[in-house]
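Dumped query06.tsv below, it's TSV, C-alpha atoms:
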```tsv
chain	number	residue	atom	x	y	z
A	53	MET	CA	181.49	-148.40	-10.41
A	54	LYS	CA	184.88	-150.14	-10.24
A	55	PRO	CA	187.17	-148.71	-7.54
A	56	THR	CA	189.98	-148.09	-10.04
A	57	GLU	CA	187.81	-146.00	-12.38
A	58	PRO	CA	187.65	-142.25	-11.60
A	59	ARG	CA	184.18	-140.72	-11.33
A	60	SER	CA	183.38	-138.51	-14.26
A	61	GLY	CA	183.52	-134.80	-13.50
A	62	THR	CA	184.71	-135.20	-9.91
A	63	LEU	CA	188.03	-135.21	-8.11
A	64	LEU	CA	189.62	-138.57	-7.36
A	65	THR	CA	189.19	-139.83	-3.83
A	66	ARG	CA	192.25	-140.90	-1.85
A	67	ARG	CA	191.27	-144.57	-2.29
A	68	GLU	CA	190.94	-144.18	-6.07
A	69	MET	CA	194.33	-142.50	-6.30
A	70	VAL	CA	195.98	-145.32	-4.33
A	71	ALA	CA	194.33	-147.95	-6.56
A	72	LEU	CA	195.46	-146.26	-9.77
A	73	THR	CA	199.00	-145.83	-8.47
A	74	ALA	CA	199.21	-149.46	-7.41
A	75	GLY	CA	198.01	-150.64	-10.81
A	76	ALA	CA	200.63	-148.54	-12.58
A	77	ALA	CA	203.37	-149.94	-10.36
A	78	ILE	CA	202.36	-153.57	-10.78
A	79	ALA	CA	202.06	-153.56	-14.58
A	80	PRO	CA	205.79	-153.00	-15.37
A	81	SER	CA	206.72	-155.70	-12.85
A	82	LEU	CA	204.50	-158.24	-14.57
A	83	ILE	CA	205.91	-157.29	-17.97
A	84	GLN	CA	209.48	-157.65	-16.68
A	85	ALA	CA	208.67	-161.02	-15.14
A	86	LYS	CA	207.27	-162.27	-18.45
A	87	GLU	CA	210.32	-161.07	-20.37
A	88	ASN	CA	212.76	-162.73	-17.96
A	89	THR	CA	211.08	-166.14	-17.67
A	90	LEU	CA	211.32	-167.52	-21.19
A	91	THR	CA	210.17	-171.12	-21.00
A	92	PRO	CA	213.27	-173.34	-20.88
A	93	LYS	CA	213.71	-176.58	-22.79
A	94	ALA	CA	216.60	-177.86	-20.65
A	95	PHE	CA	218.28	-177.25	-17.31
A	96	VAL	CA	221.94	-177.68	-16.39
A	97	TYR	CA	223.16	-178.22	-12.85
A	98	THR	CA	226.83	-177.64	-12.05
A	99	GLU	CA	228.97	-177.83	-8.94
A	100	VAL	CA	232.70	-177.17	-8.77
A	101	ALA	CA	234.76	-178.96	-6.10
A	102	ILE	CA	236.17	-175.83	-4.54
A	103	SER	CA	235.66	-174.20	-1.16
A	104	ILE	CA	235.76	-170.40	-1.13
A	105	PRO	CA	233.70	-167.49	0.19
A	106	PHE	CA	231.40	-166.50	-2.65
A	107	GLU	CA	232.69	-162.93	-2.76
A	108	GLN	CA	236.08	-164.35	-3.76
A	109	ALA	CA	234.65	-166.19	-6.76
A	110	PRO	CA	235.26	-164.39	-10.08
A	111	TRP	CA	231.54	-164.29	-10.84
A	112	PRO	CA	231.45	-160.84	-12.54
A	113	GLU	CA	233.86	-162.05	-15.23
A	114	LEU	CA	232.21	-165.46	-15.53
A	115	ASN	CA	228.76	-163.90	-15.90
A	116	GLU	CA	229.83	-161.98	-18.97
A	117	VAL	CA	231.24	-165.11	-20.62
A	118	ILE	CA	228.27	-167.33	-19.74
A	119	LYS	CA	225.77	-164.83	-21.13
A	120	LYS	CA	227.37	-165.32	-24.56
A	121	GLN	CA	226.91	-169.10	-24.60
A	122	PRO	CA	224.47	-170.32	-27.30
A	123	GLY	CA	220.96	-170.81	-26.02
A	124	PHE	CA	221.59	-169.46	-22.52
A	125	LEU	CA	218.47	-168.03	-20.85
A	126	ASN	CA	219.31	-167.49	-17.18
A	127	LYS	CA	221.38	-168.75	-14.27
A	128	THR	CA	220.88	-169.05	-10.54
A	129	TRP	CA	224.22	-169.15	-8.75
A	130	LEU	CA	224.61	-171.77	-6.01
A	131	HIS	CA	226.99	-171.53	-3.05
A	132	GLY	CA	227.27	-174.60	-0.85
A	133	HIS	CA	226.22	-174.27	2.77
A	134	GLY	CA	228.99	-175.76	4.89
A	135	THR	CA	231.08	-176.66	1.82
A	136	GLY	CA	231.75	-173.38	0.03
A	137	SER	CA	231.31	-175.11	-3.33
A	138	VAL	CA	230.30	-172.96	-6.29
A	139	GLY	CA	227.87	-173.89	-9.04
A	140	GLY	CA	224.54	-173.06	-10.53
A	141	LEU	CA	221.27	-174.00	-12.16
A	142	TYR	CA	221.10	-172.81	-15.78
A	143	ALA	CA	218.14	-172.63	-18.16
A	144	PHE	CA	218.67	-173.21	-21.89
A	145	ASP	CA	216.50	-172.87	-24.97
A	146	SER	CA	217.27	-176.41	-26.19
A	147	ARG	CA	218.66	-179.70	-24.98
A	148	GLU	CA	221.35	-179.54	-27.67
A	149	ASN	CA	222.67	-176.21	-26.42
A	150	ALA	CA	222.63	-177.49	-22.83
A	151	ILE	CA	224.69	-180.54	-23.79
A	152	ASP	CA	227.12	-178.41	-25.79
A	153	PHE	CA	227.54	-176.20	-22.71
A	154	VAL	CA	228.47	-179.05	-20.35
A	155	THR	CA	230.73	-180.79	-22.86
A	156	GLY	CA	232.35	-177.75	-24.44
A	157	TYR	CA	232.49	-174.55	-22.41
A	158	PHE	CA	231.90	-175.53	-18.79
A	159	PRO	CA	234.92	-177.83	-18.22
A	160	THR	CA	237.16	-174.82	-18.84
A	161	GLU	CA	235.91	-173.16	-15.63
A	162	PRO	CA	237.01	-175.78	-13.05
A	163	ARG	CA	240.10	-176.56	-15.14
A	164	ALA	CA	241.27	-173.00	-14.47
A	165	PHE	CA	241.09	-173.75	-10.74
A	166	GLY	CA	242.66	-177.19	-11.10
A	167	VAL	CA	239.69	-178.94	-9.51
A	168	ALA	CA	237.09	-181.56	-10.44
A	169	HIS	CA	233.42	-180.82	-11.05
A	170	ASN	CA	230.08	-182.42	-11.82
A	171	THR	CA	227.34	-181.51	-14.26
A	172	ARG	CA	223.81	-182.74	-14.98
A	173	VAL	CA	221.44	-182.04	-17.89
A	174	PHE	CA	217.68	-182.19	-17.35
A	175	ASP	CA	214.63	-182.21	-19.60
A	176	ALA	CA	212.71	-179.01	-18.82
A	177	GLU	CA	209.71	-179.78	-21.02
A	178	VAL	CA	208.47	-182.99	-19.40
A	179	VAL	CA	208.41	-181.38	-15.93
A	180	GLN	CA	206.64	-178.15	-16.85
A	181	ALA	CA	203.13	-178.93	-15.58
A	182	ALA	CA	204.41	-180.44	-12.33
A	183	SER	CA	206.71	-177.47	-11.72
A	184	GLU	CA	204.00	-174.92	-12.51
A	185	ASP	CA	201.80	-176.62	-9.92
A	186	LEU	CA	204.44	-175.80	-7.30
A	187	GLY	CA	204.94	-172.20	-8.39
A	188	SER	CA	208.25	-172.73	-10.19
A	189	VAL	CA	209.74	-169.38	-11.13
A	190	HIS	CA	211.20	-170.97	-14.27
A	191	TYR	CA	207.70	-171.27	-15.72
A	192	GLY	CA	206.29	-167.88	-14.83
A	193	GLY	CA	205.75	-168.22	-11.09
A	194	ILE	CA	206.21	-164.89	-9.30
A	195	PRO	CA	208.13	-165.16	-6.00
A	196	GLU	CA	206.67	-163.17	-3.13
A	197	ASP	CA	210.06	-162.98	-1.42
A	198	SER	CA	213.65	-163.79	-2.31
A	199	PRO	CA	214.67	-167.28	-1.15
A	200	GLY	CA	216.83	-167.85	1.90
A	201	ALA	CA	218.19	-171.21	0.73
A	202	PHE	CA	218.01	-173.82	-2.01
A	203	VAL	CA	217.93	-177.60	-1.74
A	204	TYR	CA	219.05	-179.72	-4.68
A	205	THR	CA	217.85	-183.33	-4.67
A	206	GLU	CA	218.37	-186.29	-6.98
A	207	LEU	CA	217.21	-189.88	-6.48
A	208	GLN	CA	219.35	-192.69	-7.91
A	209	LEU	CA	216.59	-194.44	-9.78
A	210	TYR	CA	215.19	-194.72	-13.28
A	211	GLN	CA	211.80	-193.01	-13.26
A	212	PRO	CA	210.33	-191.68	-16.52
A	213	PHE	CA	208.66	-188.45	-15.43
A	214	ASP	CA	205.58	-188.94	-17.57
A	215	GLU	CA	204.91	-192.14	-15.60
A	216	PHE	CA	205.49	-190.50	-12.22
A	217	ASP	CA	202.53	-189.59	-9.97
A	218	TRP	CA	203.73	-186.06	-9.41
A	219	SER	CA	200.32	-184.70	-8.42
A	220	THR	CA	200.29	-186.84	-5.27
A	221	ARG	CA	203.86	-185.88	-4.42
A	222	ASN	CA	203.11	-182.19	-5.07
A	223	ALA	CA	200.20	-182.31	-2.62
A	224	GLU	CA	202.61	-183.56	0.03
A	225	LEU	CA	205.25	-180.98	-0.84
A	226	LYS	CA	202.74	-178.15	-0.48
A	227	GLN	CA	202.61	-179.00	3.23
A	228	THR	CA	206.40	-178.67	3.64
A	229	PRO	CA	207.24	-175.84	6.06
A	230	GLY	CA	209.11	-172.98	4.42
A	231	LEU	CA	208.89	-174.28	0.84
A	232	GLN	CA	208.41	-171.38	-1.58
A	233	SER	CA	208.59	-173.19	-4.92
A	234	LYS	CA	210.00	-176.24	-6.67
A	235	THR	CA	211.43	-176.85	-10.12
A	236	TRP	CA	211.26	-180.56	-10.89
A	237	LEU	CA	214.29	-182.10	-12.62
A	238	SER	CA	214.24	-185.18	-14.87
A	239	GLY	CA	217.62	-186.45	-16.02
A	240	VAL	CA	218.35	-186.58	-19.74
A	241	SER	CA	219.20	-190.20	-20.65
A	242	THR	CA	219.26	-191.23	-16.97
A	243	GLN	CA	215.61	-190.48	-16.04
A	244	THR	CA	216.71	-189.64	-12.50
A	245	LEU	CA	214.16	-187.76	-10.43
A	246	GLY	CA	214.92	-184.64	-8.43
A	247	GLY	CA	214.51	-180.91	-8.16
A	248	LEU	CA	215.69	-177.51	-7.02
A	249	ASP	CA	213.57	-176.33	-4.11
A	250	ALA	CA	213.51	-172.75	-2.80
A	251	PHE	CA	213.00	-172.23	0.94
A	252	ASP	CA	212.33	-169.08	2.92
A	253	THR	CA	215.03	-169.80	5.51
A	254	MET	CA	218.18	-171.87	5.86
A	255	ASP	CA	216.71	-173.68	8.88
A	256	ALA	CA	213.72	-174.87	6.84
A	257	ALA	CA	216.02	-176.02	4.01
A	258	LEU	CA	218.27	-177.96	6.38
A	259	ASP	CA	215.33	-179.64	8.06
A	260	TYR	CA	214.03	-180.82	4.70
A	261	ALA	CA	217.42	-182.02	3.41
A	262	ILE	CA	218.57	-183.69	6.63
A	263	ASN	CA	215.37	-184.99	8.21
A	264	GLN	CA	212.63	-185.24	5.60
A	265	PHE	CA	214.16	-186.14	2.25
A	266	PRO	CA	216.10	-189.21	3.49
A	267	ALA	CA	212.78	-190.76	4.53
A	268	ILE	CA	211.37	-190.05	1.07
A	269	ALA	CA	214.38	-191.73	-0.56
A	270	ALA	CA	214.07	-194.72	1.77
A	271	ASN	CA	210.41	-195.10	0.84
A	272	ALA	CA	211.45	-195.14	-2.84
A	273	GLY	CA	214.20	-197.67	-2.08
A	274	ALA	CA	216.82	-195.44	-3.65
A	275	ALA	CA	220.13	-193.84	-2.80
A	276	PHE	CA	220.12	-190.09	-3.10
A	277	TYR	CA	222.15	-186.93	-3.57
A	278	THR	CA	221.34	-183.69	-1.74
A	279	ARG	CA	222.97	-180.30	-1.48
A	280	VAL	CA	221.97	-177.21	0.49
A	281	PHE	CA	222.89	-173.77	-0.85
A	282	ASP	CA	222.84	-170.30	0.69
A	283	ALA	CA	220.58	-168.17	-1.51
A	284	THR	CA	221.52	-164.87	0.13
A	285	THR	CA	225.22	-164.73	-0.73
A	286	THR	CA	224.57	-165.25	-4.44
A	287	ALA	CA	221.60	-162.91	-4.89
A	288	ASP	CA	223.44	-160.08	-6.68
A	289	ALA	CA	225.33	-162.44	-8.99
A	290	SER	CA	222.09	-164.26	-9.85
A	291	ARG	CA	220.20	-161.03	-10.55
A	292	GLN	CA	222.83	-160.12	-13.13
A	293	MET	CA	222.06	-163.44	-14.85
A	294	ASN	CA	218.28	-162.82	-14.93
A	295	SER	CA	217.61	-165.51	-12.32
A	296	PRO	CA	213.82	-165.71	-12.01
A	297	PHE	CA	214.15	-166.18	-8.24
A	298	TYR	CA	215.15	-162.52	-7.79
A	299	LEU	CA	212.92	-160.57	-10.17
```
Serialized structure, structure tokens:
Amino acid sequence: MKPTEPRSGTLLTRREMVALTAGAAIAPSLIQAKENTLTPKAFVYTEVAISIPFEQAPWPELNEVIKKQPGFLNKTWLHGHGTGSVGGLYAFDSRENAIDFVTGYFPTEPRAFGVAHNTRVFDAEVVQAASEDLGSVHYGGIPEDSPGAFVYTELQLYQPFDEFDWSTRNAELKQTPGLQSKTWLSGVSTQTLGGLDAFDTMDAALDYAINQFPAIAANAGAAFYTRVFDATTTADASRQMNSPFYL
């Protein structure tokens, strides 16, 4: 007899009641996770050259506008550790809509602040298998805990992702202290190689960005770009944008 099946004609034991209750609680969570992690076709990374406490950013108003952009699926807000910069990682349903976003709508945001910005568009299809292997929440991975920090990385090299030995690199990454998940990023047109990594604590994220990743870049013979973001200050804003990190 399965422990979650009540015995016919008898009262449920305490253990059976707990099992049935747990099953009922888990099912809606799995359904919600599936509904909020539509498989993306493209990612957009943004960072605005501004330094402000995140609570002073007009994110409630911006969220409502961004949700109306064609093809938008979800956004994870990013707030720079030590810099106070504001940006995000967005998921879109097509590469065309992602490009329209960075060339049409997004420049109006930093223009309102009178500051510069940078954007990147990434192919979300070619990296799916590699990202799933590292529990990426953008492809259905279910986070056990909310992240404490994010690390954005990008190597200045031309590396077609379908020619990249990601399985070997993933095996190494799985040994990284504090790493919760990784979404690989492959630059549209540029073929740059990078990712958005979620860490359980800020200390673990800083150790990876400052001490570990530079050695990886040196081994590849490439210059690199890294950013560390506080994942705690942006949690509420990201939840409102269906960020899969905070389901």
Hey, could you make a per-residue contact list for segment 117-153 of chain A against segment 168-181 of chain A with 8 Å as the cut-off, showing the nearest pair of atoms and its distance in Å to one decimal, counting only C-alpha atoms, sorted by chain and number, as CSV?
```
residue,atom,partner,partner_atom,distance
A:Arg147,CA,A:Asp175,CA,7.2
A:Ala150,CA,A:Val173,CA,6.8
A:Ile151,CA,A:Val173,CA,6.9
```
Would you list the contacts of Asp255 of chain A as an mmCIF file with C-alpha atoms, in the coordinates of the input, taking every protein, DNA or RNA residue within 12 Å and counting all atoms listed in the file, but skipping same-chain residues closer than 6 positions in sequence?
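Just written: part.cif:
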```cif
data_model
loop_
_atom_site.group_PDB
_atom_site.id
_atom_site.type_symbol
_atom_site.label_atom_id
_atom_site.label_comp_id
_atom_site.auth_asym_id
_atom_site.auth_seq_id
_atom_site.Cartn_x
_atom_site.Cartn_y
_atom_site.Cartn_z
ATOM 1 C CA HIS A 133 226.220 -174.270 2.770
ATOM 2 C CA GLY A 200 216.830 -167.850 1.900
ATOM 3 C CA ALA A 201 218.190 -171.210 0.730
ATOM 4 C CA PHE A 202 218.010 -173.820 -2.010
ATOM 5 C CA VAL A 203 217.930 -177.600 -1.740
ATOM 6 C CA PRO A 229 207.240 -175.840 6.060
ATOM 7 C CA GLY A 230 209.110 -172.980 4.420
ATOM 8 C CA LEU A 231 208.890 -174.280 0.840
ATOM 9 C CA ALA A 261 217.420 -182.020 3.410
ATOM 10 C CA ILE A 262 218.570 -183.690 6.630
ATOM 11 C CA ASN A 263 215.370 -184.990 8.210
ATOM 12 C CA VAL A 280 221.970 -177.210 0.490
ATOM 13 C CA PHE A 281 222.890 -173.770 -0.850
ATOM 14 C CA ASP A 282 222.840 -170.300 0.690
#
```
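Ranking A:Ser198, A:Ser183, A:Thr278, A:Thr205 by their shortest atom-to-atom distance to Trp236 of chain A, with all atoms listed in the file included, puts A:Ser183 first.
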Excluding Glu99 of chain A and any residue of its chain fewer than 6 positions from it, enumerate the residues within 9 Å of it, using all atoms listed in the file, and give them as a PyMOL selection string.
chain A and resi 130-132+137-140+169-171
For segment 243-245 of chain A, find every residue with an atom within 10 Å (counting only C-alpha atoms), except residues of its own chain fewer than 2 positions away, and show them as an MDAnalysis selection string.
chainID A and resid 174:175 205:213 216 236:241 247 276
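Residues with any atom within 12 Å of Val117 of chain A, counting all atoms listed in the file and excluding same-chain neighbours fewer than 2 positions away, are Pro110, Trp111, Pro112, Glu113, Leu114, Asn115, Lys119, Lys120, Gln121, Pro122, Phe124, Phe153, Tyr157, Phe158, Thr160, Glu161 and Met293 of chain A.
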Distance query Tyr191 of chain A at most 8 Å, all atoms listed in the file, self and fewer than 5 positions along chain excluded, as a count of residues only:
7
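Atom to atom, atom CA of Arg221 of chain A and atom CA of Leu141 of chain A stand 22.5 Å apart.
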Atom pair atom CA of Thr135 of chain A / atom CA of Thr242 of chain A: separation (Å)
26.6 Å
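If you measure from each of A:Gly123, A:Gly187, A:Pro195, A:Gly273 to Tyr298 of chain A using only C-alpha atoms, the closest one turns out to be A:Pro195.
In this structure, atom CA of Gly166 of chain A sits 13.9 Å away from atom CA of Ile104 of chain A.
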Among the residues A:Phe251, A:Trp129, A:Tyr97, A:Phe165, the one that comes closest to Asn294 of chain A [using only C-alpha atoms]:
A:Trp129
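Of the residues under consideration (A:Ala274, A:Gly136, A:Leu248, A:Ala257), A:Gly136 shows the shortest atom-to-atom contact distance to Phe106 of chain A when counting only C-alpha atoms.
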Padding 8 Å on every side, please: axis-aligned box over the listed atoms of segment 164-169 of chain A, centre and edge lengths to one decimal in Å, as lines of an AutoDock Vina configuration file.
```
center_x = 238.0
center_y = -177.3
center_z = -12.0
size_x = 25.2
size_y = 24.6
size_z = 21.0
```
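Nearest-residue note for Tyr142 of chain A: choosing from A:Thr98, A:Thr285, A:Gln264, A:Thr155, the minimum distance belongs to A:Thr98, counting only C-alpha atoms.
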